[in-house]
>>> print(open('run06.cif').read())   # mmCIF, C-alpha atoms, pLDDT in the B column; chains and numbers go by the auth columns
data_input
loop_
_atom_site.group_PDB
_atom_site.id
_atom_site.type_symbol
_atom_site.label_atom_id
_atom_site.label_comp_id
_atom_site.label_asym_id
_atom_site.label_seq_id
_atom_site.Cartn_x
_atom_site.Cartn_y
_atom_site.Cartn_z
_atom_site.B_iso_or_equiv
_atom_site.auth_seq_id
_atom_site.auth_asym_id
ATOM 1 C CA MET A 1 136.269 123.232 108.701 46.00 27 N
ATOM 2 C CA ARG A 2 138.900 122.884 105.995 42.00 28 N
ATOM 3 C CA ILE A 3 137.480 119.469 104.988 44.00 29 N
ATOM 4 C CA LEU A 4 133.943 120.901 104.804 42.00 30 N
ATOM 5 C CA THR A 5 135.101 123.809 102.631 37.00 31 N
ATOM 6 C CA ARG A 6 136.902 121.451 100.270 43.00 32 N
ATOM 7 C CA THR A 7 133.839 119.195 100.069 43.00 33 N
ATOM 8 C CA LEU A 8 131.576 122.142 99.231 40.00 34 N
ATOM 9 C CA PHE A 9 134.048 123.309 96.573 37.00 35 N
ATOM 10 C CA LEU A 10 134.141 119.895 94.938 39.00 36 N
ATOM 11 C CA LEU A 11 130.355 119.668 95.048 45.00 37 N
ATOM 12 C CA ALA A 12 130.017 123.093 93.396 41.00 38 N
ATOM 13 C CA ALA A 13 132.544 122.132 90.721 38.00 39 N
ATOM 14 C CA LEU A 14 130.656 118.891 90.041 42.00 40 N
ATOM 15 C CA ILE A 15 127.359 120.764 89.654 42.00 41 N
ATOM 16 C CA ALA A 16 128.968 123.303 87.304 40.00 42 N
ATOM 17 C CA TRP A 17 130.523 120.534 85.200 40.00 43 N
ATOM 18 C CA SER A 18 127.217 118.646 85.038 44.00 44 N
ATOM 19 C CA THR A 19 125.330 121.777 83.956 43.00 45 N
ATOM 20 C CA GLY A 20 127.877 122.553 81.247 43.00 46 N
ATOM 21 C CA ALA A 21 127.885 118.969 79.968 44.00 47 N
ATOM 22 C CA SER A 22 124.100 118.865 79.731 48.00 48 N
ATOM 23 C CA ALA A 23 124.127 122.089 77.681 57.00 49 N
ATOM 24 C CA GLN A 24 126.440 120.640 75.052 84.00 50 N
ATOM 25 C CA VAL A 25 124.967 119.612 71.717 92.00 51 N
ATOM 26 C CA ASP A 26 125.739 116.161 70.361 96.00 52 N
ATOM 27 C CA ASN A 27 126.990 116.419 66.766 96.00 53 N
ATOM 28 C CA THR A 28 126.202 112.895 65.571 98.00 54 N
ATOM 29 C CA PHE A 29 123.388 114.336 63.447 98.00 55 N
ATOM 30 C CA ARG A 30 122.946 117.641 61.673 97.00 56 N
ATOM 31 C CA PHE A 31 120.347 119.389 59.507 98.00 57 N
ATOM 32 C CA VAL A 32 121.098 120.003 55.821 97.00 58 N
ATOM 33 C CA ASP A 33 119.217 122.320 53.443 95.00 59 N
ATOM 34 C CA ASN A 34 118.528 120.118 50.424 95.00 60 N
ATOM 35 C CA LYS A 35 118.294 123.069 48.023 92.00 61 N
ATOM 36 C CA THR A 36 121.663 124.599 48.849 92.00 62 N
ATOM 37 C CA GLY A 37 123.523 121.696 50.458 94.00 63 N
ATOM 38 C CA ASN A 38 124.371 123.995 53.374 94.00 64 N
ATOM 39 C CA VAL A 39 124.281 122.861 56.986 96.00 65 N
ATOM 40 C CA ILE A 40 121.600 124.546 59.113 95.00 66 N
ATOM 41 C CA PRO A 41 123.421 125.159 62.404 95.00 67 N
ATOM 42 C CA ASP A 42 122.074 124.584 65.892 95.00 68 N
ATOM 43 C CA GLY A 43 119.745 127.490 66.646 95.00 69 N
ATOM 44 C CA GLY A 44 119.401 128.293 62.935 95.00 70 N
ATOM 45 C CA THR A 45 116.282 129.205 60.980 95.00 71 N
ATOM 46 C CA TYR A 46 114.905 127.752 57.745 96.00 72 N
ATOM 47 C CA THR A 47 112.158 129.471 55.723 95.00 73 N
ATOM 48 C CA THR A 48 109.850 127.687 53.295 95.00 74 N
ATOM 49 C CA LEU A 49 107.158 129.105 51.018 95.00 75 N
ATOM 50 C CA ALA A 50 103.821 127.464 50.309 95.00 76 N
ATOM 51 C CA GLU A 51 103.284 126.668 46.642 92.00 77 N
ATOM 52 C CA LEU A 52 101.190 124.478 44.401 90.00 78 N
ATOM 53 C CA ILE A 53 103.152 121.285 43.763 86.00 79 N
ATOM 54 C CA ASP A 54 102.288 118.845 40.991 82.00 80 N
ATOM 55 C CA LYS A 55 102.287 115.446 42.704 71.00 81 N
ATOM 56 C CA MET A 56 101.943 113.539 39.429 73.00 82 N
ATOM 57 C CA PRO A 57 104.137 115.359 36.889 75.00 83 N
ATOM 58 C CA GLU A 58 103.536 112.574 34.387 74.00 84 N
ATOM 59 C CA PHE A 59 99.921 113.825 34.281 73.00 85 N
ATOM 60 C CA PRO A 60 100.384 117.623 34.540 73.00 86 N
ATOM 61 C CA GLY A 61 97.767 119.455 36.570 69.00 87 N
ATOM 62 C CA VAL A 62 95.803 116.374 37.654 69.00 88 N
ATOM 63 C CA VAL A 63 96.974 116.195 41.303 71.00 89 N
ATOM 64 C CA MET A 64 98.014 119.560 42.743 84.00 90 N
ATOM 65 C CA SER A 65 98.902 120.089 46.397 90.00 91 N
ATOM 66 C CA LEU A 66 99.295 123.426 48.195 94.00 92 N
ATOM 67 C CA GLU A 67 102.109 122.908 50.686 96.00 93 N
ATOM 68 C CA ALA A 68 105.209 124.419 52.232 96.00 94 N
ATOM 69 C CA PRO A 69 107.713 121.522 52.202 96.00 95 N
ATOM 70 C CA PHE A 70 110.490 121.265 54.778 97.00 96 N
ATOM 71 C CA ASP A 71 113.130 120.505 52.130 96.00 97 N
ATOM 72 C CA ILE A 72 115.584 119.383 54.818 98.00 98 N
ATOM 73 C CA SER A 73 117.534 116.198 55.465 98.00 99 N
ATOM 74 C CA VAL A 74 119.127 114.848 58.645 98.00 100 N
ATOM 75 C CA GLU A 75 122.699 113.653 58.117 98.00 101 N
ATOM 76 C CA ASN A 76 124.631 111.139 60.203 98.00 102 N
ATOM 77 C CA THR A 77 128.088 112.696 60.429 98.00 103 N
ATOM 78 C CA THR A 78 129.772 109.574 61.821 97.00 104 N
ATOM 79 C CA GLY A 79 131.050 106.458 60.081 96.00 105 N
ATOM 80 C CA THR A 80 128.606 104.063 61.720 97.00 106 N
ATOM 81 C CA ALA A 81 124.826 103.707 61.898 97.00 107 N
ATOM 82 C CA ALA A 82 123.130 105.662 64.692 98.00 108 N
ATOM 83 C CA PHE A 83 119.579 106.020 65.980 98.00 109 N
ATOM 84 C CA VAL A 84 117.692 109.318 65.844 98.00 110 N
ATOM 85 C CA ALA A 85 114.366 110.717 67.037 98.00 111 N
ATOM 86 C CA ALA A 86 112.941 114.233 66.874 98.00 112 N
ATOM 87 C CA GLU A 87 110.625 116.440 68.880 98.00 113 N
ATOM 88 C CA LEU A 88 108.536 118.868 66.829 98.00 114 N
ATOM 89 C CA ILE A 89 106.617 121.699 68.483 98.00 115 N
ATOM 90 C CA THR A 90 104.213 123.882 66.511 97.00 116 N
ATOM 91 C CA GLU A 91 104.770 127.337 67.971 96.00 117 N
ATOM 92 C CA GLN A 92 102.329 129.021 65.593 95.00 118 N
ATOM 93 C CA MET A 93 99.949 127.981 62.803 97.00 119 N
ATOM 94 C CA THR A 94 97.263 130.251 61.409 95.00 120 N
ATOM 95 C CA ASN A 95 95.428 127.457 59.581 96.00 121 N
ATOM 96 C CA GLY A 96 95.828 124.060 57.938 97.00 122 N
ATOM 97 C CA ARG A 97 97.785 121.055 59.184 97.00 123 N
ATOM 98 C CA ILE A 98 101.318 119.674 59.343 98.00 124 N
ATOM 99 C CA ARG A 99 102.373 116.181 58.291 98.00 125 N
ATOM 100 C CA CYS A 100 105.566 114.533 59.549 98.00 126 N
ATOM 101 C CA CYS A 101 107.005 111.299 58.129 97.00 127 N
ATOM 102 C CA PHE A 102 110.332 111.047 59.971 98.00 128 N
ATOM 103 C CA PRO A 103 112.290 108.899 60.611 97.00 129 N
ATOM 104 C CA VAL A 104 110.085 105.814 60.220 95.00 130 N
ATOM 105 C CA ASP A 105 106.414 106.692 60.810 95.00 131 N
ATOM 106 C CA CYS A 106 103.942 109.227 59.402 97.00 132 N
ATOM 107 C CA GLN A 107 101.768 111.449 61.580 97.00 133 N
ATOM 108 C CA ASP A 108 99.035 113.331 59.700 97.00 134 N
ATOM 109 C CA PRO A 109 97.869 115.648 61.090 97.00 135 N
ATOM 110 C CA MET A 110 100.780 116.140 63.467 98.00 136 N
ATOM 111 C CA PRO A 111 99.786 117.205 67.006 97.00 137 N
ATOM 112 C CA GLU A 112 101.017 120.491 68.422 97.00 138 N
ATOM 113 C CA GLU A 113 103.728 118.698 70.389 97.00 139 N
ATOM 114 C CA TYR A 114 104.996 115.539 68.733 98.00 140 N
ATOM 115 C CA VAL A 115 107.848 113.153 69.487 98.00 141 N
ATOM 116 C CA THR A 116 108.670 110.845 66.593 98.00 142 N
ATOM 117 C CA GLY A 117 109.552 107.191 66.787 97.00 143 N
ATOM 118 C CA THR A 118 113.204 106.160 66.565 98.00 144 N
ATOM 119 C CA GLY A 119 114.939 105.139 63.367 97.00 145 N
ATOM 120 C CA ALA A 120 118.443 104.410 62.154 97.00 146 N
ATOM 121 C CA ILE A 121 120.513 106.450 59.710 98.00 147 N
ATOM 122 C CA ASN A 122 123.617 104.795 58.275 98.00 148 N
ATOM 123 C CA GLY A 123 126.969 106.469 58.753 98.00 149 N
ATOM 124 C CA GLY A 124 127.693 109.236 56.258 97.00 150 N
ATOM 125 C CA THR A 125 124.172 109.183 54.794 98.00 151 N
ATOM 126 C CA MET A 126 121.100 111.415 54.995 98.00 152 N
ATOM 127 C CA LYS A 127 117.388 110.853 55.537 98.00 153 N
ATOM 128 C CA LYS A 128 114.814 113.386 54.341 98.00 154 N
ATOM 129 C CA LEU A 129 112.705 115.033 57.014 97.00 155 N
ATOM 130 C CA GLU A 130 109.559 114.452 54.897 97.00 156 N
ATOM 131 C CA THR A 131 107.540 117.135 56.690 98.00 157 N
ATOM 132 C CA GLU A 132 105.167 119.712 55.171 97.00 158 N
ATOM 133 C CA TRP A 133 102.692 122.419 56.152 98.00 159 N
ATOM 134 C CA PHE A 134 99.397 122.273 54.246 97.00 160 N
ATOM 135 C CA PRO A 135 97.687 125.690 54.521 97.00 161 N
ATOM 136 C CA VAL A 136 94.100 126.269 53.503 95.00 162 N
ATOM 137 C CA GLU A 137 93.999 127.699 49.984 92.00 163 N
ATOM 138 C CA GLY A 138 93.243 131.412 50.017 91.00 164 N
ATOM 139 C CA GLU A 139 93.771 131.762 53.790 93.00 165 N
ATOM 140 C CA TYR A 140 97.185 133.434 53.825 94.00 166 N
ATOM 141 C CA GLY A 141 99.269 133.098 56.949 95.00 167 N
ATOM 142 C CA THR A 142 102.267 131.470 58.577 96.00 168 N
ATOM 143 C CA ALA A 143 103.364 128.485 60.619 97.00 169 N
ATOM 144 C CA LYS A 144 106.379 128.135 62.902 97.00 170 N
ATOM 145 C CA VAL A 145 107.821 124.803 64.036 98.00 171 N
ATOM 146 C CA THR A 146 110.852 123.991 66.176 98.00 172 N
ATOM 147 C CA ILE A 147 112.632 120.675 65.586 98.00 173 N
ATOM 148 C CA GLN A 148 114.924 119.135 68.212 98.00 174 N
ATOM 149 C CA LEU A 149 116.970 116.054 67.295 98.00 175 N
ATOM 150 C CA SER A 150 117.959 113.404 69.834 98.00 176 N
ATOM 151 C CA LEU A 151 120.607 110.702 69.698 98.00 177 N
ATOM 152 C CA MET A 152 119.060 107.408 70.809 98.00 178 N
ATOM 153 C CA ALA A 153 120.445 103.952 71.710 97.00 179 N
ATOM 154 C CA GLU A 154 118.821 100.541 71.507 94.00 180 N
ATOM 155 C CA ASN A 155 118.414 98.754 74.828 91.00 181 N
ATOM 156 C CA PRO A 156 120.542 95.560 74.504 88.00 182 N
ATOM 157 C CA LEU A 157 118.206 93.729 76.872 87.00 183 N
ATOM 158 C CA LEU A 158 115.035 94.819 75.071 87.00 184 N
ATOM 159 C CA PRO A 159 115.573 94.886 71.281 85.00 185 N
ATOM 160 C CA GLY A 160 113.320 97.414 69.597 88.00 186 N
ATOM 161 C CA ASN A 161 113.270 99.626 72.708 93.00 187 N
ATOM 162 C CA TYR A 162 115.302 102.818 72.708 96.00 188 N
ATOM 163 C CA GLU A 163 116.730 105.107 75.341 96.00 189 N
ATOM 164 C CA TRP A 164 117.608 108.785 75.075 97.00 190 N
ATOM 165 C CA VAL A 165 121.352 109.507 74.977 97.00 191 N
ATOM 166 C CA ALA A 166 121.830 113.203 74.147 97.00 192 N
ATOM 167 C CA TYR A 167 120.257 116.194 72.470 98.00 193 N
ATOM 168 C CA GLY A 168 121.362 117.050 68.951 98.00 194 N
ATOM 169 C CA PRO A 169 120.854 120.389 67.148 97.00 195 N
ATOM 170 C CA LYS A 170 117.606 122.344 67.245 97.00 196 N
ATOM 171 C CA ILE A 171 116.286 124.594 64.476 97.00 197 N
ATOM 172 C CA THR A 172 113.230 126.722 63.728 97.00 198 N
ATOM 173 C CA VAL A 173 111.244 126.331 60.505 97.00 199 N
ATOM 174 C CA ASN A 174 109.206 129.337 59.340 96.00 200 N
ATOM 175 C CA CYS A 175 106.480 128.566 56.805 96.00 201 N
ATOM 176 C CA VAL A 176 104.969 131.364 54.739 95.00 202 N
ATOM 177 C CA TYR A 177 101.782 131.371 52.650 94.00 203 N
ATOM 178 C CA ALA A 178 101.638 134.890 51.231 90.00 204 N
ATOM 179 C CA ASP A 179 99.158 136.607 48.950 84.00 205 N
ATOM 180 C CA PRO A 180 100.897 136.884 45.540 77.00 206 N
ATOM 181 C CA ALA A 181 99.347 140.343 45.147 72.00 207 N
ATOM 182 C CA GLY A 182 101.447 141.479 48.099 62.00 208 N
ATOM 183 C CA ILE A 183 104.693 141.038 46.146 50.00 209 N
ATOM 184 C CA ASN A 184 104.273 144.379 44.394 44.00 210 N
ATOM 185 C CA ASP A 185 102.587 146.125 47.343 44.00 211 N
ATOM 186 C CA ALA A 186 105.872 147.570 48.542 42.00 212 N
ATOM 187 C CA THR A 187 104.426 150.998 49.317 41.00 213 N
ATOM 188 C CA ARG A 188 102.013 149.700 51.964 43.00 214 N
ATOM 189 C CA VAL A 189 104.651 147.417 53.509 40.00 215 N
ATOM 190 C CA ASP A 190 107.129 150.294 53.777 44.00 216 N
ATOM 191 C CA THR A 191 104.707 152.147 56.081 42.00 217 N
ATOM 192 C CA MET A 192 105.032 149.344 58.662 48.00 218 N
ATOM 193 C CA THR A 193 107.954 148.487 60.925 64.00 219 N
ATOM 194 C CA GLU A 194 110.128 145.669 59.627 72.00 220 N
ATOM 195 C CA THR A 195 111.517 143.309 62.285 78.00 221 N
ATOM 196 C CA ALA A 196 113.301 140.674 60.195 80.00 222 N
ATOM 197 C CA ARG A 197 114.105 139.843 56.577 83.00 223 N
ATOM 198 C CA TYR A 198 115.015 136.487 54.977 83.00 224 N
ATOM 199 C CA GLY A 199 116.063 135.197 51.589 82.00 225 N
ATOM 200 C CA LEU A 200 114.309 132.279 49.890 79.00 226 N
ATOM 201 C CA ASP A 201 117.078 129.997 51.172 77.00 227 N
ATOM 202 C CA GLY A 202 116.161 130.853 54.770 76.00 228 N
ATOM 203 C CA ARG A 203 119.236 133.004 55.480 82.00 229 N
ATOM 204 C CA LYS A 204 118.595 136.132 57.525 83.00 230 N
ATOM 205 C CA LEU A 205 119.361 139.299 55.553 83.00 231 N
ATOM 206 C CA THR A 206 120.802 142.505 56.973 78.00 232 N
ATOM 207 C CA ALA A 207 119.634 144.554 53.991 77.00 233 N
ATOM 208 C CA PRO A 208 117.289 144.144 51.019 80.00 234 N
ATOM 209 C CA SER A 209 118.631 141.630 48.514 83.00 235 N
ATOM 210 C CA ARG A 210 117.755 141.383 44.829 81.00 236 N
ATOM 211 C CA GLY A 211 114.918 138.947 44.194 83.00 237 N
ATOM 212 C CA ILE A 212 112.094 137.869 46.505 84.00 238 N
ATOM 213 C CA ASN A 213 112.634 138.741 50.176 80.00 239 N
ATOM 214 C CA ILE A 214 110.541 137.364 53.038 82.00 240 N
ATOM 215 C CA VAL A 215 109.833 140.286 55.376 81.00 241 N
ATOM 216 C CA LYS A 216 108.390 139.948 58.882 78.00 242 N
ATOM 217 C CA MET A 217 106.565 143.019 60.180 73.00 243 N
ATOM 218 C CA ALA A 218 106.030 144.302 63.713 65.00 244 N
ATOM 219 C CA ASP A 219 102.338 143.353 63.647 63.00 245 N
ATOM 220 C CA GLY A 220 103.267 139.700 63.054 66.00 246 N
ATOM 221 C CA THR A 221 102.398 139.619 59.364 70.00 247 N
ATOM 222 C CA VAL A 222 104.808 138.240 56.762 75.00 248 N
ATOM 223 C CA ARG A 223 105.170 139.630 53.242 76.00 249 N
ATOM 224 C CA LYS A 224 106.947 138.635 50.063 75.00 250 N
ATOM 225 C CA ILE A 225 108.734 141.658 48.598 79.00 251 N
ATOM 226 C CA LEU A 226 110.252 141.702 45.122 77.00 252 N
ATOM 227 C CA GLU A 227 113.490 143.724 45.274 78.00 253 N
ATOM 228 C CA LYS A 228 114.845 144.818 41.876 71.00 254 N
#
>>> encode(input="run06.cif", output="structure tokens")
Amino acid sequence: MRILTRTLFLLAALIAWSTGASAQVDNTFRFVDNKTGNVIPDGGTYTTLAELIDKMPEFPGVVMSLEAPFDISVENTTGTAAFVAAELITEQMTNGRIRCCFPVDCQDPMPEEYVTGTGAINGGTMKKLETEWFPVEGEYGTAKVTIQLSLMAENPLLPGNYEWVAYGPKITVNCVYADPAGINDATRVDTMTETARYGLDGRKLTAPSRGINIVKMADGTVRKILEK
């Protein structure tokens, strides 16, 4: 009886240890906001606004693209090269398409659930995520994408084949294509219930902040509010 009790105890401890280990996040890679240089932590949120971008600035106005760029890089925090892949899930998209060109291949349009190929990032360097939402011009709305990184390893017996090692950080990207006329429509927005507020850098705000605020309302709509 004593031996059985000890065996059950050890088995329970092993299961608990295994569950805790699997929940840990591998820190080989991390997300970095290119605009601010700040790290986007595991579970963090990044907000991007759709805008007209001049793709050929040497010929102003010739090639314009309406897009909400994911201005994010993935950094290898170690001193040696490591392999990375990502899983992107489109949780919401009112219109348009998403393009992903990370880490080695481009997928355009990206399917609702997409697992990238595997690519290497040298130690101490970053690779741009190269992902954008292309909304339909005039059809204002939002898109929401979760991105989960994975540490991969090359199979020594099958070069060019990779195996999953561990999960890295996971973030949520909120894309907003708002009607510019809504910036000054503060009176109408104030009659609705606000559920969340963000700055242009994607940081969640606890109170209105001077400049343009991204405000999410209870009915699911998103507004740009100019706070003076």
>>> resolve_selection(input="run06.cif", expression="the PyMOL selection byres ((chain N and resi 151-156) around 7)", output="count of residues only")
15
>>> atom_distance(input="run06.cif", atom1="atom CA of Arg249 of chain N", atom2="atom CA of Thr73 of chain N")
12.6 Å
>>> atom_distance(input="run06.cif", atom1="atom CA of Gln118 of chain N", atom2="atom CA of Leu231 of chain N")
22.3 Å
>>> closest_residue(input="run06.cif", among="N:Tyr224, N:Phe55, N:Tyr203, N:Tyr140", to="Met119 of chain N", atoms="all atoms listed in the file")
N:Tyr203
>>> closest_residue(input="run06.cif", among="N:Val162, N:Ile173, N:Ile238, N:Ala207", to="Val141 of chain N", atoms="all atoms listed in the file")
N:Ile173
>>> atom_distance(input="run06.cif", atom1="atom CA of Phe109 of chain N", atom2="atom CA of Gly143 of chain N")
10.1 Å
>>> residues_around(input="run06.cif", residues="Ser176 of chain N", least_positions_apart="6", cutoff="6 Å", atoms="all atoms listed in the file", output="number ranges by chain")
N: 110-112, 192-194
>>> closest_residue(input="run06.cif", among="N:Pro83, N:Arg123, N:Lys196, N:Glu139", to="Gly69 of chain N", atoms="all atoms listed in the file")
N:Lys196
>>> residues_around(input="run06.cif", residues="Thr232 of chain N", least_positions_apart="6", cutoff="12 Å", atoms="all atoms listed in the file", output="number ranges by chain")
N: 220-225, 239, 241
>>> resolve_selection(input="run06.cif", expression="the PyMOL selection byres ((chain N and resi 71) around 7)", output="PyMOL selection string")
chain N and resi 69-70+72-73+197-199+228
